[in-house]
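Containing CSV, C-alpha atoms: query25.csv.
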chain,number,residue,atom,x,y,z
A,29,MET,CA,-22.0,-25.3,26.3
A,30,ASN,CA,-18.9,-27.5,26.5
A,31,ALA,CA,-15.3,-26.7,26.2
A,32,ARG,CA,-15.0,-28.4,22.8
A,33,LEU,CA,-17.6,-26.2,21.3
A,34,ILE,CA,-15.9,-23.0,22.7
A,35,CYS,CA,-12.6,-24.2,21.3
A,36,SER,CA,-14.0,-24.8,17.8
A,37,LEU,CA,-15.7,-21.4,17.8
A,38,LEU,CA,-12.5,-19.7,18.9
A,39,PHE,CA,-10.6,-21.5,16.2
A,40,THR,CA,-13.1,-20.5,13.5
A,41,VAL,CA,-12.9,-16.8,14.5
A,42,SER,CA,-9.1,-16.9,14.7
A,43,THR,CA,-8.7,-18.4,11.3
A,44,LEU,CA,-11.0,-15.8,9.9
A,45,PHE,CA,-8.8,-12.9,10.9
A,46,SER,CA,-5.4,-14.5,10.5
A,47,GLN,CA,-3.0,-13.1,8.0
A,48,LEU,CA,-2.1,-15.8,5.5
A,49,ALA,CA,0.7,-14.0,3.6
A,50,SER,CA,4.0,-13.8,5.4
A,51,ALA,CA,6.2,-10.8,4.7
A,52,VAL,CA,9.7,-11.2,3.3
A,53,GLU,CA,12.5,-10.0,5.5
A,54,PRO,CA,16.0,-8.5,5.1
A,55,GLY,CA,18.5,-11.3,4.3
A,56,GLN,CA,16.0,-13.4,2.3
A,57,THR,CA,16.3,-13.8,-1.4
A,58,ALA,CA,13.9,-11.4,-3.1
A,59,PRO,CA,11.1,-13.5,-4.7
A,60,SER,CA,11.4,-13.4,-8.5
A,61,PHE,CA,8.7,-12.1,-10.7
A,62,GLU,CA,8.0,-10.9,-14.2
A,63,VAL,CA,5.5,-8.0,-15.0
A,64,PRO,CA,4.4,-6.2,-18.1
A,65,ALA,CA,6.3,-2.9,-18.5
A,66,TRP,CA,6.1,0.0,-21.0
A,67,LYS,CA,5.2,-0.7,-24.7
A,68,GLY,CA,4.7,-4.5,-24.4
A,69,GLU,CA,8.0,-5.1,-22.7
A,70,THR,CA,8.4,-7.1,-19.6
A,71,ALA,CA,10.3,-6.3,-16.4
A,72,SER,CA,11.7,-8.9,-14.1
A,73,LEU,CA,14.2,-9.2,-11.3
A,74,LYS,CA,16.1,-11.8,-13.3
A,75,GLN,CA,17.1,-9.2,-15.9
A,76,TYR,CA,18.7,-7.1,-13.2
A,77,GLN,CA,20.7,-10.0,-11.8
A,78,GLY,CA,24.1,-8.7,-10.4
A,79,LYS,CA,22.8,-5.2,-10.0
A,80,VAL,CA,21.5,-3.3,-7.0
A,81,VAL,CA,17.8,-2.9,-7.4
A,82,LEU,CA,15.5,-0.4,-5.7
A,83,LEU,CA,12.1,-2.2,-6.0
A,84,ASP,CA,9.3,0.2,-5.2
A,85,PHE,CA,5.5,-0.5,-5.0
A,86,TRP,CA,3.4,2.5,-5.9
A,87,ALA,CA,-0.1,3.6,-6.9
A,88,SER,CA,-1.7,6.7,-8.3
A,89,TRP,CA,-3.7,7.2,-5.2
A,90,CYS,CA,-0.7,7.0,-2.9
A,91,GLY,CA,0.2,10.5,-1.7
A,92,PRO,CA,3.9,9.8,-0.7
A,93,CYS,CA,4.6,8.4,-4.1
A,94,ARG,CA,4.1,11.9,-5.5
A,95,GLN,CA,7.0,13.0,-3.3
A,96,SER,CA,9.2,10.0,-3.8
A,97,PHE,CA,9.3,9.8,-7.6
A,98,PRO,CA,11.1,13.1,-8.2
A,99,LEU,CA,13.6,12.1,-5.6
A,100,PHE,CA,14.0,8.6,-7.1
A,101,ASN,CA,14.6,10.3,-10.5
A,102,GLN,CA,17.4,12.3,-8.9
A,103,LEU,CA,18.9,9.2,-7.2
A,104,TYR,CA,18.7,7.2,-10.5
A,105,LYS,CA,20.4,10.1,-12.4
A,106,GLU,CA,23.2,10.1,-9.9
A,107,LEU,CA,23.8,6.4,-9.8
A,108,LYS,CA,22.7,5.0,-13.1
A,109,GLU,CA,26.3,4.8,-14.4
A,110,LYS,CA,26.9,2.2,-11.6
A,111,ASP,CA,25.2,-1.1,-11.4
A,112,PHE,CA,22.0,0.4,-10.1
A,113,VAL,CA,18.4,0.2,-11.3
A,114,ILE,CA,15.0,1.3,-10.0
A,115,LEU,CA,12.0,-0.8,-10.8
A,116,ALA,CA,8.7,0.8,-9.6
A,117,VAL,CA,5.8,-1.7,-9.8
A,118,ASN,CA,2.4,0.0,-10.1
A,119,ILE,CA,-0.6,-1.7,-8.5
A,120,ASP,CA,-3.4,0.4,-9.8
A,121,GLU,CA,-6.4,-1.7,-10.9
A,122,ASP,CA,-6.8,0.6,-13.9
A,123,GLN,CA,-3.6,1.2,-15.8
A,124,LYS,CA,-5.1,4.6,-17.0
A,125,ASP,CA,-4.8,6.0,-13.5
A,126,ALA,CA,-1.1,5.0,-13.5
A,127,LEU,CA,-0.4,6.6,-16.9
A,128,LYS,CA,-2.2,9.8,-15.9
A,129,PHE,CA,0.0,9.9,-12.7
A,130,LEU,CA,3.2,9.4,-14.8
A,131,GLU,CA,2.1,12.2,-17.1
A,132,GLU,CA,2.1,14.5,-14.1
A,133,VAL,CA,5.1,13.0,-12.4
A,134,PRO,CA,7.4,11.8,-15.3
A,135,VAL,CA,10.1,9.2,-14.4
A,136,ASN,CA,13.4,8.2,-15.8
A,137,PHE,CA,13.4,4.6,-14.4
A,138,ALA,CA,11.7,1.4,-15.1
A,139,ILE,CA,8.0,0.9,-14.4
A,140,GLY,CA,6.1,-2.4,-14.2
A,141,PHE,CA,2.4,-3.0,-13.9
A,142,ASP,CA,0.7,-5.5,-11.6
A,143,PRO,CA,-3.0,-4.6,-11.6
A,144,LYS,CA,-3.9,-7.8,-9.8
A,145,GLY,CA,-1.5,-7.2,-6.9
A,146,LYS,CA,0.2,-10.6,-7.1
A,147,ILE,CA,3.7,-9.3,-6.4
A,148,PRO,CA,2.8,-7.3,-3.3
A,149,GLU,CA,1.0,-10.4,-2.1
A,150,LEU,CA,4.2,-12.4,-2.8
A,151,TYR,CA,6.3,-9.9,-0.8
A,152,GLY,CA,3.6,-9.6,2.0
A,153,LEU,CA,3.4,-5.8,1.8
A,154,THR,CA,2.2,-4.2,5.0
A,155,GLY,CA,1.8,-0.6,3.8
A,156,MET,CA,2.0,1.7,0.8
A,157,PRO,CA,4.4,2.7,-0.5
A,158,THR,CA,7.1,0.1,0.4
A,159,SER,CA,10.5,0.0,-1.2
A,160,TYR,CA,13.1,-2.8,-1.1
A,161,VAL,CA,16.8,-2.4,-1.6
A,162,ILE,CA,18.0,-5.6,-3.2
A,163,GLY,CA,21.7,-6.4,-3.2
A,164,LYS,CA,23.8,-7.7,-6.1
A,165,ASN,CA,23.4,-11.2,-4.6
A,166,GLY,CA,19.6,-10.9,-5.1
A,167,LYS,CA,19.0,-10.7,-1.3
A,168,ILE,CA,16.9,-8.1,0.3
A,169,ALA,CA,19.2,-5.6,2.1
A,170,LYS,CA,16.6,-3.1,3.4
A,171,ILE,CA,12.9,-2.6,3.5
A,172,ILE,CA,11.5,1.0,3.7
A,173,GLU,CA,7.9,1.2,4.6
A,174,GLY,CA,6.2,4.5,3.8
A,175,PHE,CA,8.1,7.5,2.5
A,176,THR,CA,9.2,10.9,3.7
A,177,PRO,CA,11.9,12.9,1.9
A,178,ALA,CA,14.2,12.1,4.8
A,179,GLU,CA,14.0,8.4,3.8
A,180,LEU,CA,15.9,9.1,0.7
A,181,VAL,CA,19.1,9.5,2.8
A,182,THR,CA,18.6,6.1,4.3
A,183,ILE,CA,17.9,4.6,0.8
A,184,LYS,CA,20.9,6.2,-0.8
A,185,LYS,CA,23.2,5.1,2.0
A,186,GLU,CA,22.0,1.5,1.7
A,187,VAL,CA,22.2,1.6,-2.1
A,188,ILE,CA,25.8,2.9,-2.0
A,189,GLN,CA,26.7,0.3,0.6
A,190,GLN,CA,25.3,-2.4,-1.6
A,191,LEU,CA,27.1,-1.0,-4.7
A,192,ASN,CA,30.4,-1.2,-2.8
A,193,THR,CA,29.8,-4.7,-1.7
A,194,PRO,CA,31.4,-7.1,-4.1
B,2,MET,CA,-35.5,-27.8,18.6
B,3,ASN,CA,-35.1,-26.7,22.2
B,4,PHE,CA,-34.0,-23.3,23.4
B,5,LYS,CA,-30.3,-24.2,23.8
B,6,GLN,CA,-30.2,-25.6,20.3
B,7,GLN,CA,-31.9,-22.4,18.9
B,8,ARG,CA,-29.3,-20.3,20.6
B,9,LEU,CA,-26.5,-22.3,19.1
B,10,PHE,CA,-28.1,-22.1,15.7
B,11,VAL,CA,-28.3,-18.3,15.9
B,12,LEU,CA,-24.7,-18.2,17.1
B,13,ALA,CA,-23.6,-20.3,14.2
B,14,LEU,CA,-25.5,-18.1,11.8
B,15,LEU,CA,-23.9,-15.0,13.3
B,16,LEU,CA,-20.4,-16.6,13.0
B,17,MET,CA,-21.1,-17.4,9.4
B,18,THR,CA,-21.7,-13.7,8.7
B,19,LEU,CA,-18.1,-13.1,9.8
B,20,TYR,CA,-17.0,-14.8,6.5
B,21,GLY,CA,-18.2,-11.6,4.9
B,22,CYS,CA,-15.5,-9.7,6.8
B,23,GLN,CA,-12.4,-9.0,4.7
B,24,THR,CA,-9.2,-7.3,5.6
B,25,VAL,CA,-8.4,-4.8,2.9
B,26,LYS,CA,-4.8,-5.2,1.9
B,27,PRO,CA,-2.6,-2.2,1.5
B,28,TRP,CA,-2.5,-2.5,-2.3
B,29,GLU,CA,-6.3,-2.9,-2.5
B,30,LYS,CA,-7.1,0.6,-1.2
B,31,GLY,CA,-7.5,2.3,-4.6
B,32,THR,CA,-11.3,2.4,-4.5
B,33,LEU,CA,-11.3,3.4,-0.9
B,34,ALA,CA,-9.0,6.3,-1.7
B,35,LYS,CA,-11.4,7.8,-4.2
B,36,GLU,CA,-12.9,11.1,-3.3
B,37,SER,CA,-16.4,9.7,-3.6
B,38,MET,CA,-15.6,7.2,-0.8
B,39,GLN,CA,-14.6,9.8,1.7
B,40,GLY,CA,-17.0,10.5,4.6
B,41,ASP,CA,-16.5,14.2,3.8
B,42,PRO,CA,-15.7,14.7,0.2
B,43,ASP,CA,-14.9,18.4,0.6
B,44,PRO,CA,-13.4,19.0,4.1
B,45,LEU,CA,-12.6,22.7,3.4
B,46,LYS,CA,-16.2,23.5,2.3
B,47,THR,CA,-17.5,21.7,5.4
B,48,ALA,CA,-15.2,23.7,7.7
B,49,LEU,CA,-16.3,26.9,6.1
B,50,ARG,CA,-20.0,26.1,6.4
B,51,GLN,CA,-19.7,24.9,9.9
B,52,HIS,CA,-17.8,28.0,10.9
B,53,SER,CA,-20.5,30.4,9.7
B,54,PHE,CA,-23.3,28.1,10.8
B,55,PHE,CA,-22.2,27.9,14.4
B,56,SER,CA,-21.4,31.6,14.5
B,57,LYS,CA,-24.9,32.5,13.3
B,58,GLU,CA,-26.6,30.0,15.5
B,59,GLY,CA,-24.8,31.3,18.6
B,60,SER,CA,-25.2,27.9,20.1
B,61,SER,CA,-22.5,26.2,22.0
B,62,GLY,CA,-21.4,23.5,19.6
B,63,TRP,CA,-18.4,21.3,19.1
B,64,ALA,CA,-17.2,23.0,16.0
B,65,SER,CA,-17.0,26.6,16.9
B,66,SER,CA,-18.1,29.3,19.4
B,67,GLY,CA,-21.0,31.6,18.9
B,68,GLY,CA,-20.6,35.1,17.6
B,69,GLY,CA,-22.3,38.2,16.2
B,70,GLY,CA,-23.4,36.5,13.1
B,71,CYS,CA,-20.7,37.7,10.7
B,72,GLY,CA,-18.8,34.4,10.9
B,73,CYS,CA,-15.5,36.3,11.4
B,74,ASN,CA,-14.5,35.0,14.8
Write-out of the structure in structure tokens:
Amino acid sequence: MNARLICSLLFTVSTLFSQLASAVEPGQTAPSFEVPAWKGETASLKQYQGKVVLLDFWASWCGPCRQSFPLFNQLYKELKEKDFVILAVNIDEDQKDALKFLEEVPVNFAIGFDPKGKIPELYGLTGMPTSYVIGKNGKIAKIIEGFTPAELVTIKKEVIQQLNTP
Amino acid sequence: MNFKQQRLFVLALLLMTLYGCQTVKPWEKGTLAKESMQGDPDPLKTALRQHSFFSKEGSSGWASSGGGGCGCN
């Protein structure tokens, strides 16, 4: 077996397992998108231009989301008078699962639906849930992977810092 | 086809099967998260059964130690 053959085999195997999507990083402009929201409305990053956005990706089967939503409700209640919004994009394949979850865990912030998972693909998500704090300039300020109640302190601190940034 | 060529052919076939391998992305785990997809759909029930089973068996097992048969140790 010659070296050329070995190289081509290695190349085939490496391309099979390579990650094609590259993840967005802090400092980069948040990729824009538009998703269906409640009652035939649409939600997009563009409509929140000039505001600090907490973009959260969630699913009904995601355990930590059950913990994060009540805390996000609280955070939004505290800061909604300022230029702050929360957009939680659901990635359940079946919207019914998401609606059932929202009945159990009601929210006071915006929800979007992306059953095909195009936006997490765009953002190159590496885990669920993942939240992005996006500054007024539309750039990603912080990425929070996973969620524990202690993370809320980090998120709140970053949001306030972004709100105070002109 | 000589032996070397046959081996190469089999290797190529094996490599082709790798195309069936897919990395499940974090947002695609909805189906995998279902209860019916778990190796053990009811871990509590299994633990309870194993506890009494190993206790009654009195055998040295990986799950529990043997006992008098009441399942209380």
- Message: I need the contact residues of chain B against chain A, so if you could list those with any atom within 7 Å, counting all atoms listed in the file, and return them as JSON, numbers by chain, that would help.
- Response: {"B": [20, 27, 28, 31, 34]}
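Counting all atoms listed in the file and comparing A:Ile171, A:Pro134, A:Arg32, A:Leu115, the residue that lies closest to Tyr76 in chain A is A:Leu115.
Picture a line from CA of Gln77 in chain A to CA of Thr158 in chain A; it runs 20.9 Å.
Between CA of Pro54 in chain A and CA of Ile168 in chain A lies a distance of 4.9 Å.
Every polymer residue reaching to within 10 Å of (7.3, 14.1, -12.6), counting only C-alpha atoms, appears in this list: A:Arg94, A:Gln95, A:Ser96, A:Phe97, A:Pro98, A:Leu99, A:Asn101, A:Phe129, A:Leu130, A:Glu131, A:Glu132, A:Val133, A:Pro134, A:Val135, A:Asn136.
Pairwise distance (CA of Val187 in chain A, CA of Ala169 in chain A) equals 8.9 Å.
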- Item | Counting all atoms listed in the file, the residue of A:Glu53, A:Asp142, A:Glu173, A:Glu179 that sits nearest Glu29 in chain B | A:Asp142
